[in-house]
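Text of upload-v1.tsv (TSV, C-alpha atoms) as supplied:
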chain	number	residue	atom	x	y	z
A	220	MET	CA	-24.23	5.86	-31.44
A	221	GLU	CA	-21.78	2.95	-31.54
A	222	LYS	CA	-22.04	0.29	-28.87
A	223	MET	CA	-19.19	0.05	-26.37
A	224	VAL	CA	-16.93	-2.93	-27.09
A	225	GLN	CA	-15.80	-4.80	-23.98
A	226	TYR	CA	-12.85	-7.16	-23.60
A	227	GLU	CA	-11.57	-8.95	-20.51
A	228	VAL	CA	-7.94	-10.02	-20.59
A	229	HIS	CA	-7.35	-13.56	-19.30
A	230	SER	CA	-5.68	-13.86	-15.88
A	231	PHE	CA	-2.56	-15.54	-17.29
A	232	ILE	CA	-2.09	-12.80	-19.91
A	233	SER	CA	-2.79	-10.12	-17.29
A	234	PHE	CA	-0.12	-11.58	-15.03
A	235	THR	CA	2.38	-11.71	-17.88
A	236	LEU	CA	1.57	-8.14	-18.86
A	237	ALA	CA	2.21	-7.03	-15.25
A	238	ILE	CA	5.69	-8.54	-15.44
A	239	MET	CA	6.36	-6.66	-18.68
A	240	LEU	CA	5.11	-3.42	-17.10
A	241	LEU	CA	7.49	-3.89	-14.18
A	242	PHE	CA	10.37	-4.17	-16.66
A	243	ILE	CA	9.12	-1.02	-18.42
A	244	GLY	CA	9.07	0.82	-15.09
A	245	LYS	CA	12.59	-0.39	-14.34
A	246	ALA	CA	13.87	0.68	-17.76
A	247	LEU	CA	12.33	4.16	-17.46
A	248	THR	CA	13.77	4.56	-13.96
A	249	LEU	CA	17.24	3.72	-15.25
A	250	ARG	CA	16.81	6.06	-18.20
A	251	TYR	CA	15.46	9.15	-16.41
A	252	GLU	CA	17.40	10.46	-13.42
A	253	VAL	CA	14.44	12.52	-12.16
A	254	LEU	CA	12.53	9.33	-11.42
A	255	ARG	CA	15.44	8.02	-9.34
A	256	ARG	CA	16.01	11.35	-7.63
A	257	TYR	CA	12.46	11.47	-6.26
A	258	SER	CA	12.22	7.71	-5.58
A	259	ILE	CA	9.19	7.15	-7.82
A	260	PRO	CA	8.45	3.39	-7.47
A	261	GLU	CA	8.96	1.29	-10.58
A	262	PRO	CA	5.55	-0.47	-10.34
A	263	VAL	CA	3.84	2.93	-10.33
A	264	ILE	CA	5.45	3.94	-13.63
A	265	GLY	CA	4.53	0.79	-15.53
A	266	GLY	CA	1.13	0.29	-13.92
A	267	PHE	CA	-0.08	3.83	-14.43
A	268	ALA	CA	1.18	3.85	-18.04
A	269	CYS	CA	-1.05	0.84	-18.68
A	270	ALA	CA	-4.04	2.51	-16.96
A	271	ALA	CA	-3.54	5.60	-19.14
A	272	VAL	CA	-3.53	3.50	-22.34
A	273	VAL	CA	-6.68	1.67	-21.21
A	274	ALA	CA	-8.37	5.03	-20.52
A	275	LEU	CA	-7.36	6.26	-24.02
A	276	LEU	CA	-8.96	3.18	-25.60
A	277	TYR	CA	-12.14	3.85	-23.62
A	278	PHE	CA	-12.51	7.54	-24.49
A	279	ALA	CA	-11.14	7.53	-28.04
A	280	PHE	CA	-12.28	4.18	-29.44
A	281	ASP	CA	-15.22	3.09	-27.21
A	282	VAL	CA	-13.27	0.03	-26.12
A	283	ARG	CA	-13.59	-1.03	-22.49
A	284	LEU	CA	-10.61	-3.17	-21.58
A	285	SER	CA	-10.48	-4.92	-18.21
A	286	PHE	CA	-8.10	-7.43	-16.66
A	287	ASP	CA	-8.74	-10.59	-14.70
A	288	LEU	CA	-6.65	-9.85	-11.62
A	289	GLN	CA	-7.68	-12.64	-9.25
A	290	ILE	CA	-4.08	-13.47	-8.39
A	291	ARG	CA	-3.39	-9.87	-7.29
A	292	ASP	CA	-4.82	-10.30	-3.78
A	293	TYR	CA	-2.79	-13.49	-3.19
A	294	LEU	CA	0.38	-11.56	-3.99
A	295	LEU	CA	-0.46	-9.09	-1.22
A	296	LEU	CA	-1.07	-11.94	1.23
A	297	TYR	CA	2.33	-13.44	0.39
A	298	PHE	CA	4.04	-10.11	0.92
A	299	PHE	CA	2.54	-9.50	4.35
A	300	ALA	CA	3.15	-13.09	5.42
A	301	ALA	CA	6.79	-12.52	4.47
A	302	LEU	CA	6.84	-9.26	6.41
A	303	GLY	CA	5.57	-11.17	9.44
A	304	LEU	CA	8.24	-13.82	9.05
A	305	LYS	CA	10.85	-11.03	9.30
A	306	SER	CA	9.41	-9.52	12.50
A	307	ASP	CA	10.31	-10.51	16.04
A	308	LEU	CA	8.46	-9.70	19.25
A	309	ALA	CA	11.41	-7.74	20.63
A	310	SER	CA	11.07	-5.33	17.71
A	311	LEU	CA	7.31	-5.13	18.30
A	312	ARG	CA	7.91	-4.12	21.91
A	313	ARG	CA	10.37	-1.45	20.80
A	314	GLY	CA	7.77	-0.12	18.42
A	315	GLY	CA	5.11	0.32	21.13
A	316	LYS	CA	5.36	4.05	21.82
A	317	PRO	CA	6.05	5.17	18.21
A	318	LEU	CA	3.16	2.97	17.05
A	319	ALA	CA	0.79	4.64	19.54
A	320	ILE	CA	1.96	8.11	18.44
A	321	LEU	CA	1.50	7.33	14.74
A	322	LEU	CA	-1.97	5.87	15.38
A	323	ALA	CA	-2.98	9.00	17.32
A	324	LEU	CA	-1.72	11.21	14.49
A	325	ALA	CA	-3.56	9.14	11.88
A	326	SER	CA	-6.76	9.37	13.93
A	327	VAL	CA	-6.54	13.16	14.12
A	328	PHE	CA	-5.83	13.25	10.39
A	329	ILE	CA	-8.99	11.23	9.64
A	330	VAL	CA	-11.12	13.87	11.36
A	331	LEU	CA	-9.37	16.70	9.46
A	332	GLN	CA	-9.75	14.77	6.20
A	333	ASN	CA	-13.49	14.33	6.75
A	334	LEU	CA	-14.06	17.94	7.80
A	335	LEU	CA	-12.35	19.08	4.59
A	336	GLY	CA	-14.46	16.71	2.48
A	337	MET	CA	-17.71	17.78	4.14
A	338	GLY	CA	-16.84	21.46	3.75
A	339	MET	CA	-16.13	21.03	0.04
A	340	ALA	CA	-19.36	19.09	-0.48
A	341	ALA	CA	-21.35	21.87	1.16
A	342	GLY	CA	-19.52	24.42	-1.00
A	343	PHE	CA	-20.58	22.55	-4.16
A	344	GLY	CA	-24.20	22.44	-2.96
A	345	LEU	CA	-24.15	18.74	-2.11
A	346	ASN	CA	-25.14	16.90	1.03
A	347	PRO	CA	-22.21	17.62	3.39
A	348	LYS	CA	-22.09	13.96	4.37
A	349	ALA	CA	-21.26	13.12	0.75
A	350	GLY	CA	-17.90	14.68	1.57
A	351	LEU	CA	-17.10	11.66	3.74
A	352	MET	CA	-16.88	9.62	0.54
A	353	VAL	CA	-14.08	11.91	-0.67
A	354	GLY	CA	-12.61	11.84	2.82
A	355	SER	CA	-11.54	8.93	4.98
A	356	VAL	CA	-14.03	6.46	3.46
A	357	ALA	CA	-12.21	6.31	0.13
A	358	LEU	CA	-8.80	7.70	1.06
A	359	THR	CA	-7.78	6.28	4.43
A	360	GLY	CA	-10.19	3.36	4.05
A	361	GLY	CA	-9.52	2.38	0.43
A	362	VAL	CA	-11.62	0.32	-1.96
A	363	GLY	CA	-12.83	-2.18	0.65
A	364	THR	CA	-14.13	0.53	2.98
A	365	THR	CA	-15.70	2.35	0.02
A	366	LEU	CA	-17.61	-0.75	-1.08
A	367	ALA	CA	-18.74	-1.40	2.50
A	368	TRP	CA	-20.04	2.13	3.20
A	369	ALA	CA	-21.46	3.11	-0.21
A	370	PRO	CA	-24.77	1.16	0.16
A	371	ILE	CA	-25.28	2.67	3.65
A	372	PHE	CA	-24.73	6.20	2.32
A	373	SER	CA	-27.09	5.54	-0.60
A	374	GLN	CA	-29.89	3.95	1.42
A	375	SER	CA	-29.68	5.79	4.75
A	376	LEU	CA	-28.47	9.22	3.63
A	377	GLY	CA	-29.92	9.39	0.12
A	378	ILE	CA	-26.55	9.92	-1.58
A	379	GLY	CA	-27.20	8.01	-4.80
A	380	ASN	CA	-23.75	8.44	-6.34
A	381	ALA	CA	-21.84	7.50	-3.17
A	382	LEU	CA	-20.10	4.55	-4.84
A	383	GLU	CA	-18.98	6.59	-7.85
A	384	LEU	CA	-17.66	9.37	-5.61
A	385	GLY	CA	-15.75	6.87	-3.50
A	386	ILE	CA	-14.22	4.95	-6.40
A	387	ALA	CA	-13.19	8.15	-8.18
A	388	SER	CA	-11.63	9.56	-5.01
A	389	ASN	CA	-9.81	6.33	-4.27
A	390	THR	CA	-8.40	6.29	-7.80
A	391	VAL	CA	-7.04	9.84	-7.60
A	392	GLY	CA	-5.83	9.30	-4.03
A	393	LEU	CA	-3.96	6.14	-4.96
A	394	ILE	CA	-2.17	7.89	-7.82
A	395	ALA	CA	-1.28	10.87	-5.62
A	396	ALA	CA	-0.05	8.64	-2.78
A	397	CYS	CA	2.28	6.83	-5.16
A	398	VAL	CA	3.78	10.10	-6.38
A	399	ILE	CA	4.26	12.19	-3.22
A	400	GLY	CA	6.03	9.71	-0.92
A	401	GLY	CA	9.50	9.67	-2.46
A	402	PRO	CA	9.78	13.43	-3.10
A	403	LEU	CA	8.50	14.15	0.42
A	404	ALA	CA	11.22	12.02	2.05
A	405	HIS	CA	13.85	13.42	-0.31
A	406	HIS	CA	12.88	16.97	0.70
A	407	LEU	CA	13.00	16.16	4.42
A	408	ILE	CA	16.40	14.47	4.17
A	409	ARG	CA	17.93	17.40	2.31
A	410	ARG	CA	16.11	20.15	4.22
A	411	HIS	CA	17.09	18.83	7.65
A	412	ARG	CA	20.43	17.34	6.55
A	413	LEU	CA	19.46	13.97	7.95
A	414	THR	CA	22.00	11.18	8.14
A	415	PRO	CA	20.68	8.25	6.09
A	416	SER	CA	20.91	4.76	7.50
A	417	ALA	CA	24.06	2.80	6.67
A	418	ASP	CA	22.13	-0.42	7.21
A	419	THR	CA	21.74	-2.34	3.94
A	420	ALA	CA	19.57	-5.11	5.44
A	421	LEU	CA	16.36	-3.88	3.81
A	422	GLU	CA	12.94	-5.32	4.63
A	423	VAL	CA	11.89	-4.65	1.03
A	424	GLY	CA	13.93	-3.93	-2.07
A	425	THR	CA	17.16	-5.86	-1.56
A	426	VAL	CA	19.77	-4.80	-4.10
A	427	TYR	CA	20.41	-8.26	-5.50
A	428	ALA	CA	23.07	-7.19	-7.97
A	429	GLN	CA	25.23	-6.05	-5.07
A	430	ASN	CA	24.51	-9.06	-2.89
A	431	HIS	CA	27.10	-11.80	-3.31
A	432	ALA	CA	25.11	-14.43	-1.42
A	433	THR	CA	23.85	-17.27	-3.59
A	434	LEU	CA	20.28	-18.43	-3.92
A	435	CYS	CA	19.74	-22.10	-3.25
A	436	TYR	CA	16.90	-24.13	-4.74
A	437	TYR	CA	16.01	-25.68	-1.37
A	438	ASP	CA	16.27	-22.33	0.46
A	439	VAL	CA	13.64	-20.83	-1.86
A	440	LEU	CA	11.45	-23.92	-1.51
A	441	TRP	CA	11.86	-23.84	2.29
A	442	VAL	CA	10.74	-20.19	2.45
A	443	TRP	CA	7.86	-20.85	0.07
A	444	MET	CA	6.64	-23.63	2.35
A	445	TRP	CA	6.64	-21.34	5.40
A	446	LEU	CA	4.86	-18.62	3.47
A	447	ASN	CA	2.12	-21.04	2.44
A	448	LEU	CA	1.78	-22.21	6.04
A	449	ALA	CA	1.46	-18.57	7.12
A	450	LEU	CA	-1.29	-18.01	4.54
A	451	MET	CA	-3.13	-21.11	5.72
A	452	LEU	CA	-2.86	-20.07	9.37
A	453	GLY	CA	-3.86	-16.51	8.44
A	454	TYR	CA	-6.96	-17.84	6.66
A	455	GLY	CA	-7.89	-19.72	9.82
A	456	PHE	CA	-7.39	-16.57	11.90
A	457	ASN	CA	-9.57	-14.61	9.52
A	458	LEU	CA	-12.40	-17.13	9.82
A	459	SER	CA	-12.12	-16.94	13.61
A	460	PHE	CA	-12.25	-13.13	13.53
A	461	VAL	CA	-15.34	-13.20	11.32
A	462	ALA	CA	-17.03	-15.71	13.63
A	463	ALA	CA	-16.29	-13.37	16.56
A	464	GLY	CA	-17.84	-10.44	14.70
A	465	VAL	CA	-14.51	-8.73	13.97
A	466	THR	CA	-13.85	-7.75	10.35
A	467	LEU	CA	-10.20	-7.27	9.39
A	468	PRO	CA	-8.45	-7.28	6.01
A	469	PRO	CA	-7.11	-10.81	5.23
A	470	PHE	CA	-3.55	-9.50	4.89
A	471	VAL	CA	-3.60	-8.47	8.56
A	472	SER	CA	-4.35	-12.07	9.53
A	473	CYS	CA	-1.46	-13.27	7.37
A	474	LEU	CA	0.85	-10.67	8.94
A	475	ILE	CA	-0.10	-11.91	12.42
A	476	ALA	CA	0.36	-15.52	11.32
A	477	GLY	CA	3.83	-14.75	9.97
A	478	ILE	CA	4.83	-13.04	13.22
A	479	LEU	CA	3.62	-16.01	15.28
A	480	ILE	CA	5.39	-18.56	13.09
A	481	ARG	CA	8.63	-16.59	13.13
A	482	ASN	CA	8.72	-16.12	16.90
A	483	LEU	CA	7.40	-19.55	17.83
A	484	GLY	CA	9.98	-21.09	15.50
A	485	MET	CA	12.79	-19.02	17.03
A	486	TRP	CA	11.66	-20.01	20.54
A	487	LEU	CA	11.62	-23.71	19.65
A	488	LEU	CA	15.02	-23.50	17.96
A	489	ALA	CA	16.43	-21.59	20.96
A	490	LYS	CA	15.29	-24.39	23.26
A	491	ARG	CA	17.37	-26.76	21.12
A	492	GLY	CA	20.39	-24.45	21.36
A	493	GLN	CA	20.09	-23.18	17.78
A	494	SER	CA	19.93	-19.54	16.67
A	495	ALA	CA	18.57	-19.97	13.14
A	496	GLU	CA	15.19	-18.61	12.05
A	497	PRO	CA	12.39	-20.64	10.42
A	498	ALA	CA	12.52	-18.50	7.27
A	499	SER	CA	14.92	-15.67	6.56
A	500	GLY	CA	17.54	-14.35	4.20
A	501	LEU	CA	17.76	-13.56	0.52
A	502	SER	CA	15.11	-16.08	-0.56
A	503	LEU	CA	12.45	-14.49	1.64
A	504	ALA	CA	13.42	-11.00	0.48
A	505	LEU	CA	13.31	-12.08	-3.17
A	506	ILE	CA	9.82	-13.58	-2.96
A	507	SER	CA	8.37	-10.70	-0.93
A	508	ASP	CA	9.82	-8.05	-3.27
A	509	ILE	CA	8.44	-9.75	-6.36
A	510	CYS	CA	5.00	-10.12	-4.77
A	511	LEU	CA	4.83	-6.46	-3.70
A	512	GLY	CA	6.01	-5.11	-7.04
A	513	MET	CA	3.57	-7.31	-8.95
A	514	PHE	CA	0.68	-6.43	-6.63
A	515	LEU	CA	1.04	-2.67	-7.04
A	516	THR	CA	1.58	-2.97	-10.80
A	517	MET	CA	-1.61	-5.01	-11.16
A	518	ALA	CA	-3.54	-2.68	-8.84
A	519	LEU	CA	-2.62	0.35	-10.95
A	520	MET	CA	-3.04	-1.28	-14.36
A	521	GLY	CA	-6.54	-2.34	-13.31
A	522	MET	CA	-7.70	1.20	-12.47
A	523	GLN	CA	-10.63	2.47	-14.53
A	524	LEU	CA	-9.89	6.16	-14.85
A	525	TRP	CA	-13.20	6.88	-16.58
A	526	GLU	CA	-14.93	6.42	-13.21
A	527	LEU	CA	-13.93	10.05	-12.63
A	528	HIS	CA	-16.38	11.14	-15.33
A	529	GLY	CA	-19.41	13.01	-14.00
A	530	SER	CA	-18.01	14.36	-10.75
A	531	VAL	CA	-14.69	15.55	-12.06
A	532	LEU	CA	-14.73	19.13	-10.77
A	533	PHE	CA	-15.89	18.28	-7.24
A	534	VAL	CA	-13.62	15.25	-6.89
A	535	LEU	CA	-10.50	16.86	-8.35
A	536	SER	CA	-10.95	20.11	-6.40
A	537	THR	CA	-11.43	18.22	-3.15
A	538	LEU	CA	-8.60	15.79	-3.83
A	539	CYS	CA	-6.18	18.61	-4.62
A	540	LEU	CA	-6.85	20.01	-1.16
A	541	GLN	CA	-6.69	16.54	0.41
A	542	VAL	CA	-3.27	15.96	-1.15
A	543	LEU	CA	-2.02	19.33	0.12
A	544	LEU	CA	-3.42	18.52	3.57
A	545	THR	CA	-1.61	15.17	3.54
A	546	ILE	CA	1.70	16.70	2.47
A	547	GLY	CA	1.48	19.45	5.06
A	548	PHE	CA	0.47	17.06	7.84
A	549	ALA	CA	3.29	14.65	6.96
A	550	LEU	CA	5.91	17.41	6.73
A	551	TRP	CA	5.05	19.49	9.77
A	552	VAL	CA	3.28	17.08	12.12
A	553	VAL	CA	4.16	13.45	11.41
A	554	PHE	CA	7.87	14.07	10.78
A	555	ARG	CA	8.33	16.14	13.93
A	556	CYS	CA	6.19	14.00	16.24
A	557	MET	CA	7.93	10.81	15.08
A	558	GLY	CA	11.35	12.15	16.07
A	559	GLY	CA	12.56	14.33	13.20
A	560	ASP	CA	15.23	11.80	12.16
A	561	TYR	CA	15.80	9.56	9.14
A	562	GLU	CA	13.28	6.97	10.35
A	563	ALA	CA	10.72	9.78	10.71
A	564	SER	CA	11.32	10.88	7.11
A	565	VAL	CA	10.61	7.34	5.88
A	566	ILE	CA	7.46	7.18	8.02
A	567	ALA	CA	6.39	10.54	6.57
A	568	ALA	CA	6.83	9.07	3.08
A	569	GLY	CA	4.65	6.14	4.08
A	570	PHE	CA	2.01	8.46	5.54
A	571	GLY	CA	0.85	9.24	2.02
A	572	GLY	CA	-0.22	5.61	1.80
A	573	ILE	CA	-1.99	5.82	5.15
A	574	GLY	CA	-3.88	8.99	4.27
A	575	LEU	CA	-4.43	8.67	0.52
A	576	GLY	CA	-3.75	5.20	-0.78
A	577	SER	CA	-3.32	1.84	0.82
A	578	THR	CA	-0.95	-0.20	2.94
A	579	ALA	CA	0.79	-1.50	-0.18
A	580	THR	CA	1.29	2.06	-1.42
A	581	ALA	CA	2.82	3.08	1.90
A	582	ILE	CA	5.20	0.11	1.81
A	583	VAL	CA	6.23	0.74	-1.80
A	584	ASN	CA	6.90	4.42	-1.09
A	585	MET	CA	9.04	3.56	1.93
A	586	SER	CA	10.88	0.82	0.06
A	587	ALA	CA	11.75	3.21	-2.77
A	588	VAL	CA	13.26	5.61	-0.22
A	589	THR	CA	15.18	2.94	1.72
A	590	GLN	CA	16.64	1.44	-1.44
A	591	ARG	CA	18.38	4.75	-1.99
A	592	TYR	CA	19.16	5.87	1.57
A	593	GLY	CA	19.29	2.71	3.70
A	594	ALA	CA	17.08	0.58	5.93
A	595	ALA	CA	14.41	1.95	8.29
A	596	HIS	CA	13.35	-0.99	10.43
A	597	LEU	CA	10.99	0.88	12.76
A	598	ALA	CA	9.07	2.38	9.84
A	599	PHE	CA	8.46	-1.03	8.28
A	600	LEU	CA	7.28	-2.34	11.63
A	601	ILE	CA	4.77	0.28	12.72
A	602	VAL	CA	3.35	1.63	9.43
A	603	PRO	CA	1.86	-1.73	8.28
A	604	LEU	CA	0.37	-2.31	11.74
A	605	VAL	CA	-1.20	1.16	11.83
A	606	CYS	CA	-2.27	0.99	8.18
A	607	GLY	CA	-3.65	-2.50	8.11
A	608	PHE	CA	-4.84	-3.19	11.62
A	609	PHE	CA	-5.65	-0.31	13.95
A	610	ILE	CA	-6.64	2.43	11.51
A	611	ASP	CA	-9.53	0.45	9.97
A	612	ILE	CA	-11.18	0.15	13.39
A	613	VAL	CA	-10.65	3.84	14.24
A	614	ASN	CA	-11.80	4.92	10.79
A	615	ALA	CA	-15.04	2.95	11.04
A	616	LEU	CA	-15.87	4.53	14.40
A	617	ILE	CA	-15.16	8.06	13.15
A	618	ILE	CA	-17.11	7.59	9.90
A	619	GLY	CA	-20.13	6.26	11.81
A	620	ALA	CA	-20.05	9.16	14.26
A	621	MET	CA	-19.66	11.88	11.59
A	622	ALA	CA	-22.24	10.32	9.26
A	623	GLY	CA	-24.72	9.83	12.08
A	624	VAL	CA	-25.53	6.25	11.06
Just dump the structure as structure tokens.
Amino acid sequence: MEKMVQYEVHSFISFTLAIMLLFIGKALTLRYEVLRRYSIPEPVIGGFACAAVVALLYFAFDVRLSFDLQIRDYLLLYFFAALGLKSDLASLRRGGKPLAILLALASVFIVLQNLLGMGMAAGFGLNPKAGLMVGSVALTGGVGTTLAWAPIFSQSLGIGNALELGIASNTVGLIAACVIGGPLAHHLIRRHRLTPSADTALEVGTVYAQNHATLCYYDVLWVWMWLNLALMLGYGFNLSFVAAGVTLPPFVSCLIAGILIRNLGMWLLAKRGQSAEPASGLSLALISDICLGMFLTMALMGMQLWELHGSVLFVLSTLCLQVLLTIGFALWVVFRCMGGDYEASVIAAGFGGIGLGSTATAIVNMSAVTQRYGAAHLAFLIVPLVCGFFIDIVNALIIGAMAGV
């Protein structure tokens, strides 16, 4: 039997390849109308194409190719810092009730997700609690939650393959979340004859070719400075949270830091009789869009699809039902409870990221929809807060209660 050959692609080459994959995704989107019609994000197309090629090398030629993706997480921090710099406290106050409703819906969905996973595990003759790894641990929680809970499930519950189940489920869930968001919103808009937003001031996905404003060297540098300050402040917040015994994803700290900088800066400028913002405009949109697109491309190109090997039937059967549950819940519960309007359709598209993928996936799905139909400011305000802040706390409590640990 031939020995597996392993290669790791240098971080600089990996970053360059991600740029090329983004261009490939863009070219395919322009070429095939079906991709535009269903708002399939460009990073998904290029990133998953790379993951498929890497999987082919693994299975057909015994070559294990991996990428050094250290810069990937910094790109996500930049994006959420930029999102914070676009948010004002008045908008946060307006989002109070919808945010509470979406969090309640997501909490109910976590319980349903786990009950489905546990039922499927029992049906396959496994420990029912193993179903939590193909439920909210891997899907709502993502890779970080999977890595945190897998040792506990292995040691306390005797589920030896908990990590493999979680990683495989997260991989399938991420792919599914990327695919269902755009078509789901498209269906809702057509089915209910919703009036799309006429607002072209997008949080993500500015159409630069149609924007006649000019980019200035110092404007870009000015925004970059504020983003770096937000990352530094966010890092400090994260250390403080850890010291206080509170564990939150680093991007949440950067989001909070961006919000504070934006609103403190506006307050100080208002005291001086000025109405400008510390960082805004086309430069901020440009940097944040690049960072988000690159992050998702690198996340998908780095997936190791062979992790599905060994538990394929159980994982795929369960994930098929989980995807159907997510679609049904988004269509018939989330959309209606969030108001049944255009904003609700965008939130429903983002719910795939909440229930199956990640915060970045939710944002990319919503941005693909808004690029075609118009801005949805409320969706971009409450979905990241639910996805990245509140839901991790709720999920941890529910997992602990249902696992009995």
Inset, instruction - Please tell me which residues are no farther than 8 Å from (-11.4, 6.4, -2.1) in the file, counting all atoms listed in the file, and write them as a ChimeraX atom specification. - result: /A:352-362,365,384-393,575-576
### Contact residues around region 278-284 of chain A with all atoms listed in the file at 12 Å, ignoring same-chain residues under 3 positions, as a PyMOL selection string
chain A and resi 220-229+233+269-275+287+520-526+528
Next item on the list: Excluding Cys556 (chain A) and residues on its chain fewer than 5 positions from it, collect all residues at most 10 Å away from it, counting all atoms listed in the file, and give them as a list in words.
Entry: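 The residues that qualify are Pro317, Ile320, Leu321, Leu324, Ala549, Trp551 and Ala563 of chain A.
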Which polymer residues have any atom within 9 Å of an atom of Ala518 (chain A), counting all atoms listed in the file, with same-chain residues fewer than 3 positions away left out, as a PDB file with C-alpha atoms, keeping the file's coordinate frame?
ATOM      1  CA  GLY A 266       1.130   0.290 -13.920  1.00  0.00           C
ATOM      2  CA  LEU A 288      -6.650  -9.850 -11.620  1.00  0.00           C
ATOM      3  CA  ARG A 291      -3.390  -9.870  -7.290  1.00  0.00           C
ATOM      4  CA  MET A 513       3.570  -7.310  -8.950  1.00  0.00           C
ATOM      5  CA  PHE A 514       0.680  -6.430  -6.630  1.00  0.00           C
ATOM      6  CA  LEU A 515       1.040  -2.670  -7.040  1.00  0.00           C
ATOM      7  CA  GLY A 521      -6.540  -2.340 -13.310  1.00  0.00           C
ATOM      8  CA  MET A 522      -7.700   1.200 -12.470  1.00  0.00           C
TER       9      MET A 522
END
Query raised in the report: Given the choices A:Tyr592, A:Trp443, A:Phe267, A:Phe286, which gets closest to Ala504 (chain A) if the distance is worked out from all atoms listed in the file?
Result: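 So, comparing all the options, the nearest one is A:Trp443.
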Checklist line | Interatomic distance, CA of Pro262 (chain A) to CA of Leu247 (chain A) (Å, one decimal) | finding: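 Going from CA of Pro262 (chain A) over to CA of Leu247 (chain A), I get 10.9 Å.
Note that CA of Leu501 (chain A) and CA of Cys397 (chain A) are 26.2 Å apart.
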*With all atoms listed in the file as the atoms that count, which of A:Ile394, A:Leu304, A:Leu335, A:Leu345 lies nearest to Thr537 (chain A)?*
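Among A:Ile394, A:Leu304, A:Leu335, A:Leu345, it is A:Leu335 that comes nearest to Thr537 (chain A).
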Pairwise distance, CA of Leu511 (chain A) with CA of Phe298 (chain A), equals 5.9 Å
